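What follows is a single structure, written as structure tokens, with notes after it.
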Amino acid sequence: MRRQMQFFLFIIYGMVFSLSMLGGNASLVNAAALQNQSAIDAFYLNREGEALWFNRSRLNQAGKDALGVLEQAWMNGLNPETYHVEQVQEILDLHWRLDEDEALLVELLLTDGVIRYLRDLSGMRVSAREIDLSSKHWRQPISAEEALSYLSANLSTKRDMKAFMLSQEPQGATYKKLKSTLVELIENIDDTQGSYTHPRLTFGSLVRPGRGYNDIPKLRLRMGLDDVAVEYRHTYDPELVNAVMQFQDSKGLKADGLIGRQTLYVLNQTPQDKIRQVLANMERLRWVADEKPSRFIVVNIPSATLWAVDDGAVRFEMPVVVGRKKRQTNSFITEIHGVRFNPTWTVPPTIKEEDILPALIKDPSYLANKGMELYDGYGKDAPTIDPSVIDWASITEGELGMLRMVQVPGAHNPLGFVRILMPNQHNIYLHDTNHRELFARTNRAKSSGCIRLAEPEKVASFVLESRKGWTTDKMHKILDKKKLRDIYTSERMAVYILYYTVWLGRENQIIYGNDLYDRDKKLLQLLEKLDGLPILGKYDDRVINIVKNSNN
């Protein structure tokens, strides 16, 4: 086989094989189109044509292990067909003992499949630009050459091939939980392809205890409760409220008995919905490296929650307010440089045009009433202007763009008294707020893009605590002076602004959140085009077929 391998390396891998070589099976003729041809060429030349997966004409243990892992690629939300699994299995099923040509073909297909599998686990499989992200923030796939170098290194240590390939998956708790959840969801789908037997609930408004709604009988059925007297059939009564609260608590939701958008979404979820949501988030989890600094901050946009992590443990978490759908919070990774106390706020162009200008047209004293100053230009020596002398109704876009509106420190400042310094291309940062009533709400997608903190001083202390001589008393003295002051960190701190619509609750349970900005939908569509993984509704039966074929 080594002689044939050496010869084969000098011809085009994608050539058409003769039917006699493959036992007359035409479906396998095009199976040898390899995606990593040049890297495989160099790899086997370096090995002097020595096979990796075969001993003579029999698949060795490493080959069996590799094929077994690829067969179960669906457990990582990946399509086994992408890694030549179907072609390899078909060749192996045709013949109990392979001839040299067939063994050669399987050898190359298996190597190519392992390369792509390792690459797919290592970073983004889709274009960052197509999902409005910057690739510099996220892990990109390793090259084919790097994948083969990892493979060679494993061979030199004689480590178990299965253990090696499984070690390339993300090892974080969330990823492992999603993987086991995906397996459970798919394996529990019955012969009807996971048909959803619960009637869909529709409520036109927030559902409150004691009030009447048309779909209350459906909700009682969904909660497993018996029907009640006709005159009370549509009343959201205490028994049903208690059942809903228990349901909310079990799903990691706020157990208040109110049925808003989040609770209704979870009540109506089908098994297929959950599978698609898990797939999208497993994909995103592969974009962020497992290795993180000892201290960092992470914000999850859909859950509107911040966590401060210290030495691998959560020091504290808090609710935050994120951007509404029209003014979304971007997802990115950057570093915190310090904290600005008593910040000023320069009005961003979008807010200036869409919010402030309409207010000024109605009331030219709007800026003065809010304690804001108006400057003619953005230079250091730009003069102030009296807003009342400007005809706001007829101002042009260019003229408005040259005017700088600045909110001075104080109670009216939307940034409150604390702003975290974290330079980024999106001009999004963590800050205090003068609208604290929003933190008690379940839906906290209410900002213009920046992230408002429920406890800004706690975050500031966490950021600056490594600074020599820094104390809470010093912070309060600075705040009391009501003058802008920047305090920089002794060490920069990573901050991750992420978008996960599935996350772990305090009891390690899976919480399915809302896809606030429809980013799951777009990502799933791109993944479907990429490798045909059956993730959209009409393809759900193909998910089951892949699983059944893999388990046979």
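Identifiers in this document derive from the order of the structure tokens: chains are assigned A, B, ..., residues are numbered from 1 separately in each chain, and ligands are numbered from 1 in order of occurrence.
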
Report task. Extract, using only C-alpha atoms, all DNA, RNA and protein residues at most 8 Å from region 243-257 of chain A, discarding same-chain residues fewer than 3 positions from it, and format them as number ranges by chain. Result -> A: 208-209, 223, 239-240, 263, 442, 505-506, 509-512

Report task. For Glu283 (chain A), work out the shell of residues within 10 Å, counting only C-alpha atoms and skipping chain neighbours fewer than 3 positions away, then give it as number ranges by chain. Result -> A: 76-78, 120-121, 123-126, 175, 278-280, 286-288, 523-524, 527

**Report entry** Contact residues around Gly416 (chain A) with only C-alpha atoms at 10 Å, ignoring same-chain residues under 5 positions, as a PyMOL selection string
**Finding:** chain A and resi 341-345+409-411+431-436+452-453+456

Query raised in the report: Out of region 402-450 of chain A, which residues get helix (DSSP H, G or I) from DSSP, as an NGL selection string?
Result: :A and (402 or 436-440)

Report task. Can you pull out every residue within 10 Å of region 165-169 of chain A, counting only C-alpha atoms, but drop anything in the same chain fewer than 6 positions away, and send it as a list of chain:residue names? Result ->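 In the requested form, the answer reads A:Asp65, A:Ala66, A:Val69, A:Leu70, A:Asn76, A:Val114, A:Tyr117, A:Leu118, A:Arg119, A:Asp120, A:Leu121, A:Ser122, A:Tyr150, A:Leu151, A:Asn154, A:Tyr175, A:Lys176, A:Arg286, A:Asp290.
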
Write a file of the selected residues as a tab-separated table (two decimals), in the first residue's frame, keeping C-alpha atoms.
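New file result.tsv:
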chain	number	residue	atom	x	y	z
A	65	ASP	CA	-11.58	5.44	16.70
A	66	ALA	CA	-11.37	8.33	14.24
A	69	VAL	CA	-15.77	10.10	16.50
A	70	LEU	CA	-16.69	11.42	13.03
A	76	ASN	CA	-21.26	18.70	18.48
A	114	VAL	CA	-10.36	14.34	10.41
A	117	TYR	CA	-13.39	18.04	11.83
A	118	LEU	CA	-10.45	19.45	13.80
A	119	ARG	CA	-10.71	22.71	11.88
A	120	ASP	CA	-14.47	22.99	12.44
A	121	LEU	CA	-14.03	22.54	16.18
A	122	SER	CA	-11.32	25.19	16.35
A	150	TYR	CA	-1.63	18.16	16.06
A	151	LEU	CA	-2.39	14.73	14.64
A	154	ASN	CA	-0.59	12.82	19.07
A	175	TYR	CA	-20.55	23.48	26.07
A	176	LYS	CA	-20.56	20.07	27.77
A	286	ARG	CA	-16.47	27.40	19.70
A	290	ASP	CA	-11.45	28.02	26.71

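Each of A:Glu48, A:Gly113, A:Leu105, A:Gly449 was checked against Gly68 (chain A) using only C-alpha atoms; the smallest atom-to-atom distance is that of A:Gly113.
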
Report task. Between CA of Gly379 (chain A) and CA of Leu403 (chain A), measure the distance and give it in Å to one decimal. Result -> 10.8 Å

Requested in this report: Please provide as a PyMOL selection string all residues within 12 Å of Glu317 (chain A), with the sequence filter that same-chain residues fewer than 4 positions apart are discarded (counting only C-alpha atoms).
Outcome: chain A and resi 297-300+303-310+313+453-456+458-459+462+506

Would you write out those residues with N, CA and C atoms, as a PDB file, in the first residue's frame?
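Generated file (part_35.pdb):
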ATOM      1  N   ILE A 297     -14.505  40.114  32.934  1.00  0.00           N
ATOM      2  CA  ILE A 297     -15.932  40.426  33.005  1.00  0.00           C
ATOM      3  C   ILE A 297     -16.578  39.903  31.736  1.00  0.00           C
ATOM      4  N   VAL A 298     -17.756  39.304  31.885  1.00  0.00           N
ATOM      5  CA  VAL A 298     -18.505  38.839  30.721  1.00  0.00           C
ATOM      6  C   VAL A 298     -19.936  39.344  30.816  1.00  0.00           C
ATOM      7  N   VAL A 299     -20.461  39.797  29.699  1.00  0.00           N
ATOM      8  CA  VAL A 299     -21.858  40.227  29.602  1.00  0.00           C
ATOM      9  C   VAL A 299     -22.524  39.374  28.538  1.00  0.00           C
ATOM     10  N   ASN A 300     -23.656  38.767  28.875  1.00  0.00           N
ATOM     11  CA  ASN A 300     -24.444  38.056  27.877  1.00  0.00           C
ATOM     12  C   ASN A 300     -25.623  38.930  27.502  1.00  0.00           C
ATOM     13  N   SER A 303     -29.478  37.487  27.894  1.00  0.00           N
ATOM     14  CA  SER A 303     -29.919  37.359  29.290  1.00  0.00           C
ATOM     15  C   SER A 303     -29.805  38.666  30.050  1.00  0.00           C
ATOM     16  N   ALA A 304     -29.183  39.690  29.425  1.00  0.00           N
ATOM     17  CA  ALA A 304     -28.995  40.995  30.057  1.00  0.00           C
ATOM     18  C   ALA A 304     -28.396  40.841  31.453  1.00  0.00           C
ATOM     19  N   THR A 305     -27.276  40.109  31.500  1.00  0.00           N
ATOM     20  CA  THR A 305     -26.631  39.799  32.771  1.00  0.00           C
ATOM     21  C   THR A 305     -25.120  39.964  32.647  1.00  0.00           C
ATOM     22  N   LEU A 306     -24.505  40.443  33.726  1.00  0.00           N
ATOM     23  CA  LEU A 306     -23.045  40.587  33.810  1.00  0.00           C
ATOM     24  C   LEU A 306     -22.511  39.671  34.896  1.00  0.00           C
ATOM     25  N   TRP A 307     -21.363  39.052  34.612  1.00  0.00           N
ATOM     26  CA  TRP A 307     -20.665  38.249  35.606  1.00  0.00           C
ATOM     27  C   TRP A 307     -19.229  38.764  35.735  1.00  0.00           C
ATOM     28  N   ALA A 308     -18.772  38.899  36.964  1.00  0.00           N
ATOM     29  CA  ALA A 308     -17.367  39.210  37.227  1.00  0.00           C
ATOM     30  C   ALA A 308     -16.707  37.922  37.698  1.00  0.00           C
ATOM     31  N   VAL A 309     -15.677  37.492  36.993  1.00  0.00           N
ATOM     32  CA  VAL A 309     -15.038  36.206  37.274  1.00  0.00           C
ATOM     33  C   VAL A 309     -13.640  36.439  37.829  1.00  0.00           C
ATOM     34  N   ASP A 310     -13.344  35.749  38.913  1.00  0.00           N
ATOM     35  CA  ASP A 310     -12.036  35.878  39.570  1.00  0.00           C
ATOM     36  C   ASP A 310     -11.514  34.485  39.891  1.00  0.00           C
ATOM     37  N   ALA A 313     -13.916  31.505  39.380  1.00  0.00           N
ATOM     38  CA  ALA A 313     -15.199  31.503  40.087  1.00  0.00           C
ATOM     39  C   ALA A 313     -15.905  32.843  39.895  1.00  0.00           C
ATOM     40  N   LEU A 453     -25.292  49.460  34.018  1.00  0.00           N
ATOM     41  CA  LEU A 453     -24.978  48.601  35.153  1.00  0.00           C
ATOM     42  C   LEU A 453     -25.902  48.855  36.336  1.00  0.00           C
ATOM     43  N   ALA A 454     -26.396  47.771  36.941  1.00  0.00           N
ATOM     44  CA  ALA A 454     -27.241  47.920  38.127  1.00  0.00           C
ATOM     45  C   ALA A 454     -26.429  48.378  39.326  1.00  0.00           C
ATOM     46  N   GLU A 455     -25.168  47.920  39.418  1.00  0.00           N
ATOM     47  CA  GLU A 455     -24.299  48.281  40.541  1.00  0.00           C
ATOM     48  C   GLU A 455     -22.942  48.741  40.005  1.00  0.00           C
ATOM     49  N   PRO A 456     -22.881  49.923  39.467  1.00  0.00           N
ATOM     50  CA  PRO A 456     -21.656  50.401  38.812  1.00  0.00           C
ATOM     51  C   PRO A 456     -20.452  50.519  39.749  1.00  0.00           C
ATOM     52  N   LYS A 458     -19.727  48.632  42.265  1.00  0.00           N
ATOM     53  CA  LYS A 458     -19.183  47.292  42.503  1.00  0.00           C
ATOM     54  C   LYS A 458     -18.291  46.883  41.333  1.00  0.00           C
ATOM     55  N   VAL A 459     -18.729  47.197  40.120  1.00  0.00           N
ATOM     56  CA  VAL A 459     -17.914  46.884  38.943  1.00  0.00           C
ATOM     57  C   VAL A 459     -16.631  47.708  38.957  1.00  0.00           C
ATOM     58  N   PHE A 462     -14.179  46.236  41.369  1.00  0.00           N
ATOM     59  CA  PHE A 462     -13.603  45.003  40.846  1.00  0.00           C
ATOM     60  C   PHE A 462     -12.505  45.303  39.830  1.00  0.00           C
ATOM     61  N   ARG A 506     -28.627  28.856  37.774  1.00  0.00           N
ATOM     62  CA  ARG A 506     -27.906  28.643  39.030  1.00  0.00           C
ATOM     63  C   ARG A 506     -27.924  27.184  39.472  1.00  0.00           C
TER      64      ARG A 506
END

Query - CA of Ser205 (chain A) to CA of Gly260 (chain A), straight-line distance in Å - result: 7.5 Å

Report task. Please provide as a list in words all residues within 12 Å of Arg211 (chain A), with the sequence filter that same-chain residues fewer than 2 positions apart are discarded (counting only C-alpha atoms). Result ->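 Answer for this query is Ser205, Leu206, Val207, Arg208, Pro209, Tyr213, Asn214, Asp215, Ile216, Tyr232, Arg233, His234, Thr235, Tyr236, Asp237, Pro238, Leu240, Val241, Leu258 and Ile259 of chain A.
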
Taking C-alpha atoms for each residue, export the selection above as a PDB file, in the first residue's frame.
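out.pdb written:
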ATOM      1  CA  SER A 205     -50.533  41.309  26.348  1.00  0.00           C
ATOM      2  CA  LEU A 206     -48.836  40.597  29.666  1.00  0.00           C
ATOM      3  CA  VAL A 207     -50.851  37.921  31.490  1.00  0.00           C
ATOM      4  CA  ARG A 208     -51.652  38.948  35.072  1.00  0.00           C
ATOM      5  CA  PRO A 209     -53.242  36.918  37.879  1.00  0.00           C
ATOM      6  CA  TYR A 213     -57.798  35.467  28.716  1.00  0.00           C
ATOM      7  CA  ASN A 214     -59.024  33.302  25.841  1.00  0.00           C
ATOM      8  CA  ASP A 215     -56.133  30.831  25.986  1.00  0.00           C
ATOM      9  CA  ILE A 216     -56.360  30.065  29.713  1.00  0.00           C
ATOM     10  CA  TYR A 232     -64.016  30.387  35.612  1.00  0.00           C
ATOM     11  CA  ARG A 233     -62.568  28.652  32.571  1.00  0.00           C
ATOM     12  CA  HIS A 234     -60.854  31.763  31.235  1.00  0.00           C
ATOM     13  CA  THR A 235     -59.671  33.171  34.576  1.00  0.00           C
ATOM     14  CA  TYR A 236     -55.996  33.107  35.492  1.00  0.00           C
ATOM     15  CA  ASP A 237     -56.732  31.750  38.960  1.00  0.00           C
ATOM     16  CA  PRO A 238     -54.380  31.115  41.948  1.00  0.00           C
ATOM     17  CA  LEU A 240     -52.835  28.133  37.651  1.00  0.00           C
ATOM     18  CA  VAL A 241     -50.618  31.017  38.805  1.00  0.00           C
ATOM     19  CA  LEU A 258     -46.614  36.950  35.122  1.00  0.00           C
ATOM     20  CA  ILE A 259     -46.591  35.565  31.587  1.00  0.00           C
TER      21      ILE A 259
END

Requested in this report: Based on DSSP run over this structure's backbone, return all residues of region 206-334 of chain A in strand (DSSP E or B), as a ChimeraX atom specification.
Outcome: /A:207,212,235,259,295-300,305-310,313-323,332-334

Report task. Please provide as a list of chain:residue names all residues within 10 Å of Leu109 (chain A), with the sequence filter that same-chain residues fewer than 6 positions apart are discarded (counting only C-alpha atoms). Result ->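 Neighbouring residues, sequence-local ones excluded: A:Ala31, A:Ala32, A:Ala33, A:Leu34, A:Gln35, A:Tyr83, A:His84, A:Val85, A:Gln87, A:Val88, A:Ala103, A:Ile115.
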
Query - Computed interatomic separation between CA of Leu285 (chain A) and CA of Pro170 (chain A) (Å) - result: 7.6 Å

**Report entry** Which residue of A:Arg220, A:His95, A:Lys522, A:Lys362 approaches Ser127 (chain A) most closely, using only C-alpha atoms
**Finding:**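 Using only C-alpha atoms, Ser127 (chain A) sits closest to A:Lys522.
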